[in-house]
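Shown here: input-v9.cif, mmCIF, C-alpha atoms.
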```
data_protein
loop_
_atom_site.group_PDB
_atom_site.id
_atom_site.type_symbol
_atom_site.label_atom_id
_atom_site.label_comp_id
_atom_site.auth_asym_id
_atom_site.auth_seq_id
_atom_site.Cartn_x
_atom_site.Cartn_y
_atom_site.Cartn_z
ATOM 1 C CA MET A 236 -67.800 -77.189 53.481
ATOM 2 C CA SER A 237 -69.518 -79.206 50.788
ATOM 3 C CA ASP A 238 -68.241 -79.336 47.223
ATOM 4 C CA GLU A 239 -71.446 -77.548 46.222
ATOM 5 C CA GLY A 240 -70.674 -74.747 48.677
ATOM 6 C CA MET A 241 -67.116 -74.450 47.372
ATOM 7 C CA GLY A 242 -68.441 -74.360 43.844
ATOM 8 C CA GLU A 243 -70.824 -71.534 44.713
ATOM 9 C CA LEU A 244 -68.023 -69.586 46.396
ATOM 10 C CA PHE A 245 -65.772 -70.135 43.387
ATOM 11 C CA TRP A 246 -68.472 -68.886 40.986
ATOM 12 C CA ALA A 247 -69.084 -65.835 43.204
ATOM 13 C CA VAL A 248 -65.370 -64.969 43.018
ATOM 14 C CA ALA A 249 -65.336 -65.591 39.263
ATOM 15 C CA ARG A 250 -68.375 -63.314 38.833
ATOM 16 C CA GLU A 251 -66.704 -60.552 40.850
ATOM 17 C CA LEU A 252 -63.513 -60.831 38.787
ATOM 18 C CA ARG A 253 -65.570 -60.828 35.577
ATOM 19 C CA PHE A 254 -67.382 -57.612 36.610
ATOM 20 C CA ARG A 255 -64.115 -55.948 37.603
ATOM 21 C CA THR A 256 -62.463 -57.043 34.369
ATOM 22 C CA ARG A 257 -65.388 -55.782 32.300
ATOM 23 C CA ASP A 258 -65.020 -52.385 33.953
ATOM 24 C CA ALA A 259 -61.235 -52.441 33.432
ATOM 25 C CA LEU A 260 -61.755 -53.182 29.707
ATOM 26 C CA GLU A 261 -64.111 -50.252 29.205
ATOM 27 C CA PRO A 262 -61.452 -47.805 27.920
ATOM 28 C CA TRP A 263 -60.735 -50.167 24.987
ATOM 29 C CA ALA A 264 -64.393 -50.950 24.226
ATOM 30 C CA VAL A 265 -63.698 -54.675 23.936
ATOM 31 C CA THR A 266 -65.625 -57.590 25.340
ATOM 32 C CA PRO A 267 -63.950 -60.198 27.539
ATOM 33 C CA ALA A 268 -63.904 -62.625 24.579
ATOM 34 C CA GLN A 269 -62.226 -60.014 22.372
ATOM 35 C CA SER A 270 -59.740 -59.266 25.132
ATOM 36 C CA ARG A 271 -58.926 -62.956 25.494
ATOM 37 C CA ALA A 272 -58.446 -63.249 21.721
ATOM 38 C CA LEU A 273 -55.984 -60.355 21.784
ATOM 39 C CA GLY A 274 -54.179 -62.030 24.686
ATOM 40 C CA VAL A 275 -53.917 -65.359 22.879
ATOM 41 C CA LEU A 276 -52.538 -63.650 19.786
ATOM 42 C CA LEU A 277 -50.145 -61.567 21.873
ATOM 43 C CA HIS A 278 -48.531 -64.704 23.254
ATOM 44 C CA ASP A 279 -48.806 -66.974 20.238
ATOM 45 C CA GLU A 280 -49.516 -65.787 16.718
ATOM 46 C CA PRO A 281 -50.534 -66.281 14.055
ATOM 47 C CA HIS A 282 -53.574 -68.491 14.507
ATOM 48 C CA ARG A 283 -56.026 -69.966 12.090
ATOM 49 C CA LEU A 284 -59.587 -69.049 13.017
ATOM 50 C CA GLY A 285 -60.469 -72.606 14.066
ATOM 51 C CA ASP A 286 -57.388 -72.843 16.269
ATOM 52 C CA LEU A 287 -58.218 -69.513 17.864
ATOM 53 C CA ALA A 288 -61.773 -70.693 18.569
ATOM 54 C CA GLU A 289 -60.385 -73.817 20.197
ATOM 55 C CA ARG A 290 -57.950 -71.819 22.352
ATOM 56 C CA LEU A 291 -60.786 -69.508 23.426
ATOM 57 C CA ARG A 292 -63.128 -72.475 23.944
ATOM 58 C CA ILE A 293 -65.832 -70.872 21.829
ATOM 59 C CA ALA A 294 -67.659 -71.941 18.689
ATOM 60 C CA PRO A 295 -65.942 -71.130 15.385
ATOM 61 C CA ARG A 296 -68.900 -68.881 14.457
ATOM 62 C CA SER A 297 -68.373 -66.901 17.664
ATOM 63 C CA ALA A 298 -64.641 -66.650 16.937
ATOM 64 C CA THR A 299 -65.491 -65.241 13.505
ATOM 65 C CA GLU A 300 -67.606 -62.545 15.165
ATOM 66 C CA VAL A 301 -64.814 -61.739 17.630
ATOM 67 C CA VAL A 302 -62.230 -61.461 14.836
ATOM 68 C CA ASP A 303 -64.605 -59.453 12.608
ATOM 69 C CA HIS A 304 -65.063 -56.901 15.394
ATOM 70 C CA LEU A 305 -61.331 -56.692 16.142
ATOM 71 C CA GLU A 306 -60.547 -56.379 12.438
ATOM 72 C CA ARG A 307 -63.051 -53.525 11.993
ATOM 73 C CA ARG A 308 -61.292 -51.728 14.855
ATOM 74 C CA GLY A 309 -57.885 -52.238 13.209
ATOM 75 C CA LEU A 310 -56.583 -54.481 16.009
ATOM 76 C CA VAL A 311 -56.124 -57.668 13.959
ATOM 77 C CA GLU A 312 -55.856 -58.558 10.310
ATOM 78 C CA ARG A 313 -56.418 -61.643 8.253
ATOM 79 C CA ARG A 314 -53.544 -62.884 6.113
ATOM 80 C CA PRO A 315 -53.321 -65.799 3.718
ATOM 81 C CA ASP A 316 -51.696 -68.930 5.104
ATOM 82 C CA LEU A 317 -48.849 -69.609 2.697
ATOM 83 C CA ALA A 318 -48.771 -73.256 3.807
ATOM 84 C CA ASP A 319 -52.479 -73.752 2.961
ATOM 85 C CA ARG A 320 -54.095 -71.458 0.417
ATOM 86 C CA ARG A 321 -57.556 -72.340 1.743
ATOM 87 C CA ALA A 322 -56.732 -71.100 5.260
ATOM 88 C CA THR A 323 -56.485 -67.622 6.723
ATOM 89 C CA LEU A 324 -54.248 -66.554 9.582
ATOM 90 C CA ILE A 325 -55.194 -64.008 12.224
ATOM 91 C CA VAL A 326 -52.416 -61.653 13.377
ATOM 92 C CA LEU A 327 -52.239 -58.565 15.563
ATOM 93 C CA THR A 328 -51.640 -55.195 13.990
ATOM 94 C CA ASP A 329 -49.240 -52.801 15.720
ATOM 95 C CA ARG A 330 -52.281 -51.051 17.184
ATOM 96 C CA GLY A 331 -53.657 -54.413 18.317
ATOM 97 C CA ARG A 332 -50.367 -55.361 19.963
ATOM 98 C CA ALA A 333 -50.310 -52.072 21.895
ATOM 99 C CA ALA A 334 -53.946 -52.526 22.956
ATOM 100 C CA ALA A 335 -53.294 -56.129 24.012
ATOM 101 C CA ASP A 336 -50.302 -55.034 26.120
ATOM 102 C CA ASP A 337 -52.343 -52.247 27.756
ATOM 103 C CA ILE A 338 -55.313 -54.558 28.397
ATOM 104 C CA ARG A 339 -53.046 -57.173 29.939
ATOM 105 C CA ALA A 340 -51.561 -54.563 32.266
ATOM 106 C CA ALA A 341 -55.032 -53.298 33.268
ATOM 107 C CA ARG A 342 -56.225 -56.849 34.005
ATOM 108 C CA ILE A 343 -53.157 -57.519 36.154
ATOM 109 C CA ILE A 344 -53.714 -54.311 38.117
ATOM 110 C CA GLU A 345 -57.378 -55.162 38.680
ATOM 111 C CA ALA A 346 -56.574 -58.723 39.778
ATOM 112 C CA ASP A 347 -53.875 -57.410 42.126
ATOM 113 C CA ARG A 348 -56.410 -55.014 43.686
ATOM 114 C CA PHE A 349 -58.912 -57.821 44.111
ATOM 115 C CA PHE A 350 -56.488 -60.322 45.636
ATOM 116 C CA ALA A 351 -54.766 -57.678 47.806
ATOM 117 C CA ARG A 352 -57.450 -58.454 50.420
ATOM 118 C CA LEU A 353 -55.627 -61.730 51.072
ATOM 119 C CA SER A 354 -52.456 -62.133 53.082
ATOM 120 C CA PRO A 355 -49.329 -63.060 51.112
ATOM 121 C CA GLY A 356 -49.554 -66.609 52.505
ATOM 122 C CA ASP A 357 -53.214 -66.968 51.492
ATOM 123 C CA ARG A 358 -52.398 -65.630 48.022
ATOM 124 C CA ALA A 359 -49.604 -68.184 47.646
ATOM 125 C CA ASP A 360 -51.894 -70.995 48.832
ATOM 126 C CA LEU A 361 -54.668 -69.915 46.471
ATOM 127 C CA ALA A 362 -52.243 -69.712 43.530
ATOM 128 C CA ARG A 363 -50.958 -73.200 44.300
ATOM 129 C CA ILE A 364 -54.482 -74.636 44.644
ATOM 130 C CA LEU A 365 -55.768 -72.996 41.465
ATOM 131 C CA GLY A 366 -52.639 -74.102 39.604
ATOM 132 C CA ASN A 367 -53.257 -77.671 40.732
ATOM 133 C CA LEU A 368 -56.880 -77.531 39.552
ATOM 134 C CA VAL A 369 -55.861 -76.143 36.159
ATOM 135 C CA ALA A 370 -53.102 -78.741 35.728
ATOM 136 C CA GLU A 371 -55.472 -81.567 36.632
ATOM 137 C CA GLY A 372 -58.065 -80.246 34.192
ATOM 138 C CA GLU A 373 -55.453 -80.108 31.431
ATOM 139 C CA ARG A 374 -54.344 -83.663 32.188
ATOM 140 C CA GLU A 375 -57.953 -84.864 31.979
ATOM 141 C CA ALA A 376 -58.506 -82.970 28.729
ATOM 142 C CA ASN A 377 -55.379 -84.505 27.198
ATOM 143 C CA LYS A 378 -56.537 -88.051 28.047
ATOM 144 C CA GLY A 379 -59.453 -87.862 25.643
#
```

Once you've parsed the file, please lay out its structure as structure tokens.
Amino acid sequence: MSDEGMGELFWAVARELRFRTRDALEPWAVTPAQSRALGVLLHDEPHRLGDLAERLRIAPRSATEVVDHLERRGLVERRPDLADRRATLIVLTDRGRAAADDIRAARIIEADRFFARLSPGDRADLARILGNLVAEGEREANKG
């Protein structure tokens, strides 16, 4: 199969996962970007807005919109950065932490349902291959 064909297959799988994830996120009324922001903060907080944008690979303006929405819903709050009075830190509220945990669990369940079509051996091979691609991408990104 050509690289182009593999790319098209990969994007088809990514689209299917995105649609399934969007449906899984419906009970929390969050977008995928908002869900990812909650996930980043769940594993590593606090974050300055610019750092969060970088982690999400979105423009700072888009990160501001994501945080504004989450803040209005009471899932995150902005706090002053004591190390830099000009900066603001983004942290999860207790409600945000609970939502992030629940969203993470729902995403895992949905991914498990999706990948259950594969044999255990195929799942292990796919995990290894995808892990290799991610690691190589990170190595390339760190070169520059």

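Interatomic distance, atom CA of Ala288 of chain A against atom CA of Glu243 of chain A: 27.7 Å.
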
*Could you expand the PyMOL selection byres ((chain A and resi 309-319) around 9) into the explicit residues it covers here, written as a PyMOL selection string?*
chain A and resi 273+283+302-308+320-335

First collect every listed atom of segment 253-263 of chain A; then fit an axis-aligned box around them, widen it by 8 Å on each side, and give centre and edge lengths in Å to one decimal, as AutoDock Vina command-line options.
```
--center_x -64.1 --center_y -54.3 --center_z 31.3 --size_x 22.6 --size_y 29.0 --size_z 28.6
```

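Of note, atom CA of Ala340 of chain A and atom CA of Arg292 of chain A are spaced 22.9 Å apart.
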
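Counting from atom CA of Glu251 of chain A, the distance to atom CA of Ala264 of chain A is 19.3 Å.
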
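Counting only C-alpha atoms and comparing A:Ile293, A:Ala346, A:Leu252, A:Ala259, the residue that lies closest to Arg358 of chain A is A:Ala346.
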
I need the output of the PyMOL selection byres ((chain A and resi 298) around 10) for this file as a compact mmCIF listing (two decimals) with C-alpha atoms, in the coordinates of the input; which residues are they?
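Output saved as part08.txt:
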```
# COMPACT_ATOMS: atom_id res chain seq x y z
CA ALA A 268 -63.90 -62.62 24.58
CA GLN A 269 -62.23 -60.01 22.37
CA ALA A 272 -58.45 -63.25 21.72
CA LEU A 284 -59.59 -69.05 13.02
CA GLY A 285 -60.47 -72.61 14.07
CA ASP A 286 -57.39 -72.84 16.27
CA LEU A 287 -58.22 -69.51 17.86
CA ALA A 288 -61.77 -70.69 18.57
CA GLU A 289 -60.38 -73.82 20.20
CA LEU A 291 -60.79 -69.51 23.43
CA ARG A 292 -63.13 -72.47 23.94
CA ILE A 293 -65.83 -70.87 21.83
CA ALA A 294 -67.66 -71.94 18.69
CA PRO A 295 -65.94 -71.13 15.38
CA ARG A 296 -68.90 -68.88 14.46
CA SER A 297 -68.37 -66.90 17.66
CA THR A 299 -65.49 -65.24 13.50
CA GLU A 300 -67.61 -62.54 15.16
CA VAL A 301 -64.81 -61.74 17.63
CA VAL A 302 -62.23 -61.46 14.84
CA ASP A 303 -64.60 -59.45 12.61
CA HIS A 304 -65.06 -56.90 15.39
```

*Using all atoms listed in the file, which of A:Ala247, A:Asp360, A:Arg255, A:Asn367 sits nearest Ile344 of chain A?*
A:Arg255
